[in-house]
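Participant: Got a file for you: my_file-v7.cif, mmCIF, C-alpha atoms.
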data_final
loop_
_atom_site.group_PDB
_atom_site.id
_atom_site.type_symbol
_atom_site.label_atom_id
_atom_site.label_comp_id
_atom_site.auth_asym_id
_atom_site.auth_seq_id
_atom_site.Cartn_x
_atom_site.Cartn_y
_atom_site.Cartn_z
ATOM 1 C CA MET A 1 -12.563 -13.530 1.826
ATOM 2 C CA PHE A 2 -10.986 -10.395 3.205
ATOM 3 C CA THR A 3 -8.307 -10.245 0.515
ATOM 4 C CA ALA A 4 -10.939 -10.386 -2.235
ATOM 5 C CA LEU A 5 -12.412 -7.220 -0.716
ATOM 6 C CA CYS A 6 -8.938 -5.647 -0.575
ATOM 7 C CA ASN A 7 -8.105 -6.477 -4.168
ATOM 8 C CA ARG A 8 -11.453 -5.175 -5.423
ATOM 9 C CA ILE A 9 -11.143 -1.882 -3.551
ATOM 10 C CA PHE A 10 -7.509 -1.398 -4.526
ATOM 11 C CA ARG A 11 -8.407 -1.886 -8.185
ATOM 12 C CA GLN A 12 -11.268 0.610 -7.806
ATOM 13 C CA SER A 13 -9.001 3.204 -6.178
ATOM 14 C CA ILE A 14 -6.351 2.852 -8.880
ATOM 15 C CA GLU A 15 -8.911 3.135 -11.669
ATOM 16 C CA ASP A 16 -10.514 6.167 -9.984
ATOM 17 C CA TYR A 17 -7.107 7.862 -9.764
ATOM 18 C CA HIS A 18 -6.331 7.223 -13.421
ATOM 19 C CA ARG A 19 -9.510 8.906 -14.574
ATOM 20 C CA HIS A 20 -7.599 12.147 -13.942
ATOM 21 C CA ASP A 21 -4.025 10.830 -13.510
ATOM 22 C CA ARG A 22 -2.886 13.876 -11.534
ATOM 23 C CA VAL A 23 -1.117 13.692 -8.182
ATOM 24 C CA ASP A 24 -3.066 16.702 -6.898
ATOM 25 C CA THR A 25 -6.509 15.234 -7.601
ATOM 26 C CA PRO A 26 -8.449 15.267 -4.296
ATOM 27 C CA ILE A 27 -9.496 11.883 -2.979
ATOM 28 C CA ALA A 28 -13.231 11.156 -3.265
ATOM 29 C CA ASN A 29 -13.565 8.123 -1.015
ATOM 30 C CA PRO A 30 -16.897 6.425 -1.850
ATOM 31 C CA TYR A 31 -17.072 4.439 1.397
ATOM 32 C CA PRO A 32 -18.443 5.592 4.765
ATOM 33 C CA ALA A 33 -15.878 6.963 7.211
ATOM 34 C CA GLY A 34 -14.944 4.475 9.883
ATOM 35 C CA SER A 35 -15.519 1.424 7.689
ATOM 36 C CA ILE A 36 -12.729 -0.949 6.724
ATOM 37 C CA GLU A 37 -13.600 -0.257 3.084
ATOM 38 C CA HIS A 38 -12.936 3.455 3.678
ATOM 39 C CA LEU A 39 -9.541 2.656 5.212
ATOM 40 C CA LEU A 40 -8.540 0.321 2.373
ATOM 41 C CA TYR A 41 -9.530 2.813 -0.324
ATOM 42 C CA HIS A 42 -7.700 5.655 1.443
ATOM 43 C CA LYS A 43 -4.626 3.481 1.957
ATOM 44 C CA ASN A 44 -4.378 2.569 -1.708
ATOM 45 C CA TRP A 45 -5.039 6.139 -2.837
ATOM 46 C CA ILE A 46 -2.022 7.253 -0.811
ATOM 47 C CA ASP A 47 0.063 4.506 -2.416
ATOM 48 C CA THR A 48 -1.159 5.413 -5.901
ATOM 49 C CA VAL A 49 -0.339 9.108 -5.550
ATOM 50 C CA GLN A 50 3.057 8.253 -4.104
ATOM 51 C CA TRP A 51 3.744 5.841 -6.987
ATOM 52 C CA HIS A 52 3.320 8.717 -9.428
ATOM 53 C CA LEU A 53 5.317 11.152 -7.308
ATOM 54 C CA GLU A 54 8.173 8.638 -7.444
ATOM 55 C CA ASP A 55 7.879 8.647 -11.248
ATOM 56 C CA ILE A 56 7.884 12.448 -11.438
ATOM 57 C CA VAL A 57 10.905 12.927 -9.183
ATOM 58 C CA ARG A 58 12.975 10.629 -11.437
ATOM 59 C CA ASP A 59 12.628 12.948 -14.439
ATOM 60 C CA PRO A 60 16.301 13.679 -15.328
ATOM 61 C CA GLU A 61 15.333 17.227 -16.317
ATOM 62 C CA ILE A 62 13.377 18.065 -13.161
ATOM 63 C CA ASP A 63 14.201 21.353 -11.471
ATOM 64 C CA PRO A 64 16.176 20.599 -8.253
ATOM 65 C CA ALA A 65 13.882 22.792 -6.153
ATOM 66 C CA ALA A 66 10.828 20.968 -7.498
ATOM 67 C CA ALA A 67 12.528 17.625 -6.835
ATOM 68 C CA LEU A 68 13.191 18.617 -3.231
ATOM 69 C CA ALA A 69 9.571 19.663 -2.777
ATOM 70 C CA ILE A 70 8.406 16.298 -4.132
ATOM 71 C CA LYS A 71 10.886 14.425 -1.922
ATOM 72 C CA ARG A 72 9.417 16.156 1.133
ATOM 73 C CA ARG A 73 5.937 15.347 -0.109
ATOM 74 C CA ILE A 74 6.953 11.680 -0.433
ATOM 75 C CA ASP A 75 8.283 11.742 3.141
ATOM 76 C CA ALA A 76 4.947 13.095 4.377
ATOM 77 C CA SER A 77 3.129 10.491 2.292
ATOM 78 C CA ASN A 78 5.209 7.709 3.854
ATOM 79 C CA GLN A 79 4.155 8.912 7.291
ATOM 80 C CA GLU A 80 0.495 8.998 6.235
ATOM 81 C CA ARG A 81 0.845 5.520 4.737
ATOM 82 C CA THR A 82 2.245 4.198 8.022
ATOM 83 C CA ASP A 83 -0.602 5.827 9.944
ATOM 84 C CA MET A 84 -3.156 4.170 7.656
ATOM 85 C CA VAL A 85 -1.542 0.750 8.161
ATOM 86 C CA GLU A 86 -1.838 1.233 11.909
ATOM 87 C CA TYR A 87 -5.510 2.209 11.572
ATOM 88 C CA ILE A 88 -6.128 -0.996 9.599
ATOM 89 C CA ASP A 89 -4.297 -3.023 12.240
ATOM 90 C CA GLY A 90 -6.525 -1.329 14.809
ATOM 91 C CA TYR A 91 -9.473 -2.788 12.923
ATOM 92 C CA PHE A 92 -7.960 -6.272 13.228
ATOM 93 C CA LEU A 93 -7.157 -5.812 16.905
ATOM 94 C CA ASP A 94 -10.779 -4.890 17.542
ATOM 95 C CA ARG A 95 -12.058 -7.735 15.343
ATOM 96 C CA TYR A 96 -10.080 -10.344 17.280
ATOM 97 C CA LYS A 97 -10.180 -8.785 20.747
ATOM 98 C CA THR A 98 -12.291 -11.629 22.177
ATOM 99 C CA VAL A 99 -9.919 -14.358 20.924
ATOM 100 C CA THR A 100 -7.792 -15.976 23.609
ATOM 101 C CA PRO A 101 -4.515 -17.120 22.064
ATOM 102 C CA ALA A 102 -3.525 -20.721 22.708
ATOM 103 C CA ALA A 103 -0.668 -21.369 25.119
ATOM 104 C CA ASP A 104 1.590 -22.237 22.192
ATOM 105 C CA ALA A 105 0.349 -19.438 19.918
ATOM 106 C CA ARG A 106 3.029 -17.858 17.777
ATOM 107 C CA ILE A 107 3.516 -14.326 16.544
ATOM 108 C CA ASN A 108 3.828 -13.567 12.841
ATOM 109 C CA THR A 109 6.733 -11.709 11.254
ATOM 110 C CA GLU A 110 4.382 -8.865 10.322
ATOM 111 C CA THR A 111 0.924 -7.695 11.257
ATOM 112 C CA PRO A 112 -2.035 -8.338 8.943
ATOM 113 C CA ALA A 113 -2.134 -4.707 7.835
ATOM 114 C CA TRP A 114 1.515 -4.663 6.787
ATOM 115 C CA ALA A 115 0.774 -7.700 4.623
ATOM 116 C CA VAL A 116 -2.226 -5.792 3.220
ATOM 117 C CA ASP A 117 0.161 -2.910 2.520
ATOM 118 C CA ARG A 118 2.172 -5.234 0.269
ATOM 119 C CA LEU A 119 -1.055 -6.314 -1.426
ATOM 120 C CA SER A 120 -1.836 -2.660 -2.175
ATOM 121 C CA ILE A 121 1.570 -2.128 -3.775
ATOM 122 C CA LEU A 122 1.124 -5.324 -5.781
ATOM 123 C CA ALA A 123 -2.153 -3.959 -7.150
ATOM 124 C CA LEU A 124 -0.242 -0.949 -8.471
ATOM 125 C CA LYS A 125 2.496 -3.097 -9.988
ATOM 126 C CA ILE A 126 -0.121 -5.244 -11.729
ATOM 127 C CA TYR A 127 -1.996 -2.217 -13.097
ATOM 128 C CA HIS A 128 1.120 -0.573 -14.502
ATOM 129 C CA MET A 129 2.720 -3.768 -15.793
ATOM 130 C CA ARG A 130 -0.518 -4.539 -17.646
ATOM 131 C CA GLN A 131 -0.315 -1.065 -19.205
ATOM 132 C CA GLU A 132 3.222 -1.809 -20.349
ATOM 133 C CA ALA A 133 2.166 -5.178 -21.750
ATOM 134 C CA GLU A 134 -0.503 -3.473 -23.846
ATOM 135 C CA ARG A 135 1.521 -0.547 -25.220
ATOM 136 C CA THR A 136 1.344 -0.051 -28.981
ATOM 137 C CA ASP A 137 4.335 2.296 -29.253
ATOM 138 C CA VAL A 138 6.922 -0.386 -28.388
ATOM 139 C CA GLY A 139 8.131 -3.559 -30.002
ATOM 140 C CA PRO A 140 6.774 -7.049 -29.336
ATOM 141 C CA GLU A 141 9.818 -7.924 -27.228
ATOM 142 C CA HIS A 142 8.869 -5.257 -24.694
ATOM 143 C CA ARG A 143 5.250 -6.414 -24.538
ATOM 144 C CA GLU A 144 6.259 -10.059 -24.235
ATOM 145 C CA ALA A 145 8.716 -9.326 -21.417
ATOM 146 C CA CYS A 146 6.068 -7.313 -19.573
ATOM 147 C CA ARG A 147 3.448 -10.029 -20.024
ATOM 148 C CA ALA A 148 5.853 -12.510 -18.424
ATOM 149 C CA LYS A 149 6.399 -10.136 -15.510
ATOM 150 C CA LEU A 150 2.657 -9.588 -15.228
ATOM 151 C CA ASP A 151 2.118 -13.340 -14.913
ATOM 152 C CA VAL A 152 4.593 -13.434 -12.025
ATOM 153 C CA LEU A 153 2.883 -10.499 -10.302
ATOM 154 C CA LEU A 154 -0.531 -12.150 -10.645
ATOM 155 C CA THR A 155 0.848 -15.353 -9.118
ATOM 156 C CA GLN A 156 2.424 -13.308 -6.339
ATOM 157 C CA ARG A 157 -0.946 -11.669 -5.610
ATOM 158 C CA THR A 158 -2.633 -15.077 -5.414
ATOM 159 C CA ASP A 159 0.049 -16.390 -3.054
ATOM 160 C CA LEU A 160 0.078 -13.298 -0.859
ATOM 161 C CA SER A 161 -3.724 -13.275 -0.663
ATOM 162 C CA GLN A 162 -3.681 -16.914 0.458
ATOM 163 C CA ALA A 163 -1.002 -16.195 3.062
ATOM 164 C CA ILE A 164 -3.028 -13.290 4.480
ATOM 165 C CA GLU A 165 -6.167 -15.426 4.649
ATOM 166 C CA GLU A 166 -4.237 -18.161 6.462
ATOM 167 C CA LEU A 167 -2.817 -15.623 8.905
ATOM 168 C CA LEU A 168 -6.265 -14.226 9.683
ATOM 169 C CA THR A 169 -7.633 -17.753 10.149
ATOM 170 C CA ASP A 170 -4.787 -18.568 12.531
ATOM 171 C CA ILE A 171 -5.366 -15.398 14.556
ATOM 172 C CA GLU A 172 -9.095 -16.078 14.744
ATOM 173 C CA ALA A 173 -8.410 -19.639 15.920
ATOM 174 C CA GLY A 174 -5.859 -18.511 18.511
ATOM 175 C CA ARG A 175 -2.947 -20.254 16.800
ATOM 176 C CA LYS A 176 -1.244 -16.921 16.193
ATOM 177 C CA TYR A 177 -1.520 -13.550 17.851
ATOM 178 C CA MET A 178 -0.722 -10.032 16.768
ATOM 179 C CA LYS A 179 0.903 -7.049 18.390
ATOM 180 C CA LEU A 180 0.679 -3.495 17.141
ATOM 181 C CA TYR A 181 3.980 -1.670 17.346
ATOM 182 C CA LYS A 182 3.552 1.999 16.623
ATOM 183 C CA GLN A 183 6.069 2.748 13.906
ATOM 184 C CA MET A 184 8.664 5.321 14.883
ATOM 185 C CA LYS A 185 9.590 7.249 11.757
ATOM 186 C CA MET A 186 12.676 9.008 13.022
ATOM 187 C CA TYR A 187 13.425 11.105 9.945
ATOM 188 C CA ASN A 188 10.146 13.039 10.280
ATOM 189 C CA ASP A 189 10.547 13.686 13.999
ATOM 190 C CA PRO A 190 12.446 16.885 14.898
ATOM 191 C CA ALA A 191 13.289 15.352 18.288
ATOM 192 C CA LEU A 192 14.870 12.227 16.743
ATOM 193 C CA ASN A 193 16.435 13.353 13.446
ATOM 194 C CA PRO A 194 19.922 14.714 14.335
ATOM 195 C CA VAL A 195 19.941 17.059 11.323
ATOM 196 C CA LEU A 196 16.718 18.648 12.565
ATOM 197 C CA TYR A 197 17.477 18.861 16.283
ATOM 198 C CA ALA A 198 20.964 20.229 15.550
ATOM 199 C CA LYS A 199 19.221 23.285 14.064
ATOM 200 C CA LYS A 200 17.617 24.189 17.393
#
Here is the file; what I need is its structure written in the form of structure tokens.
Facilitator:
Amino acid sequence: MFTALCNRIFRQSIEDYHRHDRVDTPIANPYPAGSIEHLLYHKNWIDTVQWHLEDIVRDPEIDPAAALAIKRRIDASNQERTDMVEYIDGYFLDRYKTVTPAADARINTETPAWAVDRLSILALKIYHMRQEAERTDVGPEHREACRAKLDVLLTQRTDLSQAIEELLTDIEAGRKYMKLYKQMKMYNDPALNPVLYAKK
């Protein structure tokens, strides 16, 4: 199953990151460039770094200049994340390029890769909620509440994985079809963000 591969690689990426647990640690992607495994690992690494940047920027004592620098880094990361999703969707487009959709084929609300994006974020939620559920410096109420949340997240991962598998099966059978809309991030584009083009 494709989602089993995703979940395994996402877990590997998250564990690799936490060996150092520093947002500036260079990525060491163990998979060959051009492979879907390489794309999935890279995608989750971006998400993992951004997760921790979001933690850092919420420090109430952070220097405002440092916070602004991190905010801009998060913006750049969001653009890179979107690019990686589109690369993964390119993989699916190529994989199913010989499929002729049925006359009554329907389009899905999101592409396969955007669903995989949610699976990547879920992997991070599961990792960090498990950490919270195992903390020894908090009371049992905290651990119990986090274990309950972890159970929900694990169920959500199972359900989302099943939904992705069903979507891929439907695309392969011609019951659904996909389109790739290039995302237009306006805030990063100096020609589309009015604050930026007003400076010209």
Participant: Report as JSON, numbers by chain the full result of the PyMOL selection byres ((chain A and resi 51-62) around 12) when it is applied to this structure.
Facilitator: {"A": [14, 17, 18, 21, 22, 23, 24, 25, 44, 45, 46, 47, 48, 49, 50, 63, 64, 65, 66, 67, 68, 69, 70, 71, 72, 73, 74, 75, 76, 77, 78, 120, 121, 122, 123, 124, 125, 127, 128]}
Participant: Expressed in Å to a single decimal, how great is the separation between atom CA of A:Leu119 and atom CA of A:Phe92?
Facilitator: 16.2 Å
Participant: If you take all atoms listed in the file and a cut-off of 12 Å, which residues of stretch 58-133 of chain A touch stretch 166-175 of chain A, and what are their nearest atom pairs and distances in Å to one decimal, in chain and number order, as JSON lines?
Facilitator:
{"residue": "A:Asp89", "atom": "CA", "partner": "A:Leu168", "partner_atom": "CA", "distance": 11.7}
{"residue": "A:Phe92", "atom": "CA", "partner": "A:Leu168", "partner_atom": "CA", "distance": 8.9}
{"residue": "A:Leu93", "atom": "CA", "partner": "A:Ile171", "partner_atom": "CA", "distance": 10.0}
{"residue": "A:Asp94", "atom": "CA", "partner": "A:Glu172", "partner_atom": "CA", "distance": 11.7}
{"residue": "A:Arg95", "atom": "CA", "partner": "A:Glu172", "partner_atom": "CA", "distance": 8.9}
{"residue": "A:Tyr96", "atom": "CA", "partner": "A:Glu172", "partner_atom": "CA", "distance": 6.3}
{"residue": "A:Lys97", "atom": "CA", "partner": "A:Glu172", "partner_atom": "CA", "distance": 9.5}
{"residue": "A:Thr98", "atom": "CA", "partner": "A:Glu172", "partner_atom": "CA", "distance": 9.2}
{"residue": "A:Val99", "atom": "CA", "partner": "A:Gly174", "partner_atom": "CA", "distance": 6.3}
{"residue": "A:Thr100", "atom": "CA", "partner": "A:Gly174", "partner_atom": "CA", "distance": 6.0}
{"residue": "A:Pro101", "atom": "CA", "partner": "A:Gly174", "partner_atom": "CA", "distance": 4.0}
{"residue": "A:Ala102", "atom": "CA", "partner": "A:Gly174", "partner_atom": "CA", "distance": 5.3}
{"residue": "A:Ala103", "atom": "CA", "partner": "A:Arg175", "partner_atom": "CA", "distance": 8.7}
{"residue": "A:Asp104", "atom": "CA", "partner": "A:Arg175", "partner_atom": "CA", "distance": 7.3}
{"residue": "A:Ala105", "atom": "CA", "partner": "A:Arg175", "partner_atom": "CA", "distance": 4.6}
{"residue": "A:Arg106", "atom": "CA", "partner": "A:Arg175", "partner_atom": "CA", "distance": 6.5}
{"residue": "A:Ile107", "atom": "CA", "partner": "A:Arg175", "partner_atom": "CA", "distance": 8.8}
{"residue": "A:Asn108", "atom": "CA", "partner": "A:Leu167", "partner_atom": "CA", "distance": 8.0}
{"residue": "A:Thr109", "atom": "CA", "partner": "A:Leu167", "partner_atom": "CA", "distance": 10.6}
{"residue": "A:Glu110", "atom": "CA", "partner": "A:Leu167", "partner_atom": "CA", "distance": 10.0}
{"residue": "A:Thr111", "atom": "CA", "partner": "A:Leu167", "partner_atom": "CA", "distance": 9.1}
{"residue": "A:Pro112", "atom": "CA", "partner": "A:Leu168", "partner_atom": "CA", "distance": 7.3}
{"residue": "A:Ala113", "atom": "CA", "partner": "A:Leu168", "partner_atom": "CA", "distance": 10.5}
{"residue": "A:Trp114", "atom": "CA", "partner": "A:Leu167", "partner_atom": "CA", "distance": 12.0}
{"residue": "A:Ala115", "atom": "CA", "partner": "A:Leu167", "partner_atom": "CA", "distance": 9.7}
{"residue": "A:Val116", "atom": "CA", "partner": "A:Leu168", "partner_atom": "CA", "distance": 11.4}
Participant: I'd like the box whose edges run along x, y and z of the file and which contains every listed atom of stretch 168-174 of chain A, padded by 4 Å per side; could you state its centre and edge lengths in Å, one decimal, as lines of an AutoDock Vina configuration file?
Facilitator:
center_x = -6.9
center_y = -16.9
center_z = 14.1
size_x = 12.3
size_y = 13.4
size_z = 16.8
Participant: Of the residues A:Ile126, A:Ile88, A:Arg81, A:Pro194, which is the one nearest to A:Arg11, using only C-alpha atoms?
Facilitator: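 Of A:Ile126, A:Ile88, A:Arg81, A:Pro194, the one nearest A:Arg11 is A:Ile126, counting only C-alpha atoms.
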Participant: Which residues would end up in the selection if the PyMOL selection byres ((chain A and resi 31) around 12) were applied here, given that I need the answer as a list in words?
Facilitator: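 Output of the PyMOL selection byres ((chain A and resi 31) around 12): Ile9, Gln12, Ser13, Ile27, Ala28, Asn29, Pro30, Pro32, Ala33, Gly34, Ser35, Ile36, Glu37, His38, Leu39, Leu40, Tyr41 and His42 of chain A.
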Participant: Going by the chain IDs and residue numbers used in this file, which residues fall under the PyMOL selection byres ((chain A and resi 130) around 10)? Write them as a VMD selection string.
Facilitator: chain A and resid 124 to 129 131 to 135 143 146 to 147 149 to 151
Participant: Suppose we keep C-alpha atoms; can you now write the selection as an mmCIF file, keeping the file's coordinate frame?
Facilitator:
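What follows is the written file out20.cif:
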data_model
loop_
_atom_site.group_PDB
_atom_site.id
_atom_site.type_symbol
_atom_site.label_atom_id
_atom_site.label_comp_id
_atom_site.auth_asym_id
_atom_site.auth_seq_id
_atom_site.Cartn_x
_atom_site.Cartn_y
_atom_site.Cartn_z
ATOM 1 C CA LEU A 124 -0.242 -0.949 -8.471
ATOM 2 C CA LYS A 125 2.496 -3.097 -9.988
ATOM 3 C CA ILE A 126 -0.121 -5.244 -11.729
ATOM 4 C CA TYR A 127 -1.996 -2.217 -13.097
ATOM 5 C CA HIS A 128 1.120 -0.573 -14.502
ATOM 6 C CA MET A 129 2.720 -3.768 -15.793
ATOM 7 C CA GLN A 131 -0.315 -1.065 -19.205
ATOM 8 C CA GLU A 132 3.222 -1.809 -20.349
ATOM 9 C CA ALA A 133 2.166 -5.178 -21.750
ATOM 10 C CA GLU A 134 -0.503 -3.473 -23.846
ATOM 11 C CA ARG A 135 1.521 -0.547 -25.220
ATOM 12 C CA ARG A 143 5.250 -6.414 -24.538
ATOM 13 C CA CYS A 146 6.068 -7.313 -19.573
ATOM 14 C CA ARG A 147 3.448 -10.029 -20.024
ATOM 15 C CA LYS A 149 6.399 -10.136 -15.510
ATOM 16 C CA LEU A 150 2.657 -9.588 -15.228
ATOM 17 C CA ASP A 151 2.118 -13.340 -14.913
#
Participant: Mind pulling up the distance from atom CA of A:Glu80 to atom CA of A:Asp16?
Facilitator: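 Atom CA of A:Glu80 lies at a distance of 19.8 Å from atom CA of A:Asp16.
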Participant: With all atoms listed in the file as the basis for distance, which of A:Val152, A:Glu86, A:Phe10, A:Phe2 is at the shortest distance from A:Lys179?
Facilitator: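 For A:Lys179, the nearest of the candidates is A:Glu86.
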Participant: Take atom CA of A:Lys43 and atom CA of A:Gln79 and report the distance between them in Å, one decimal.
Facilitator: 11.6 Å
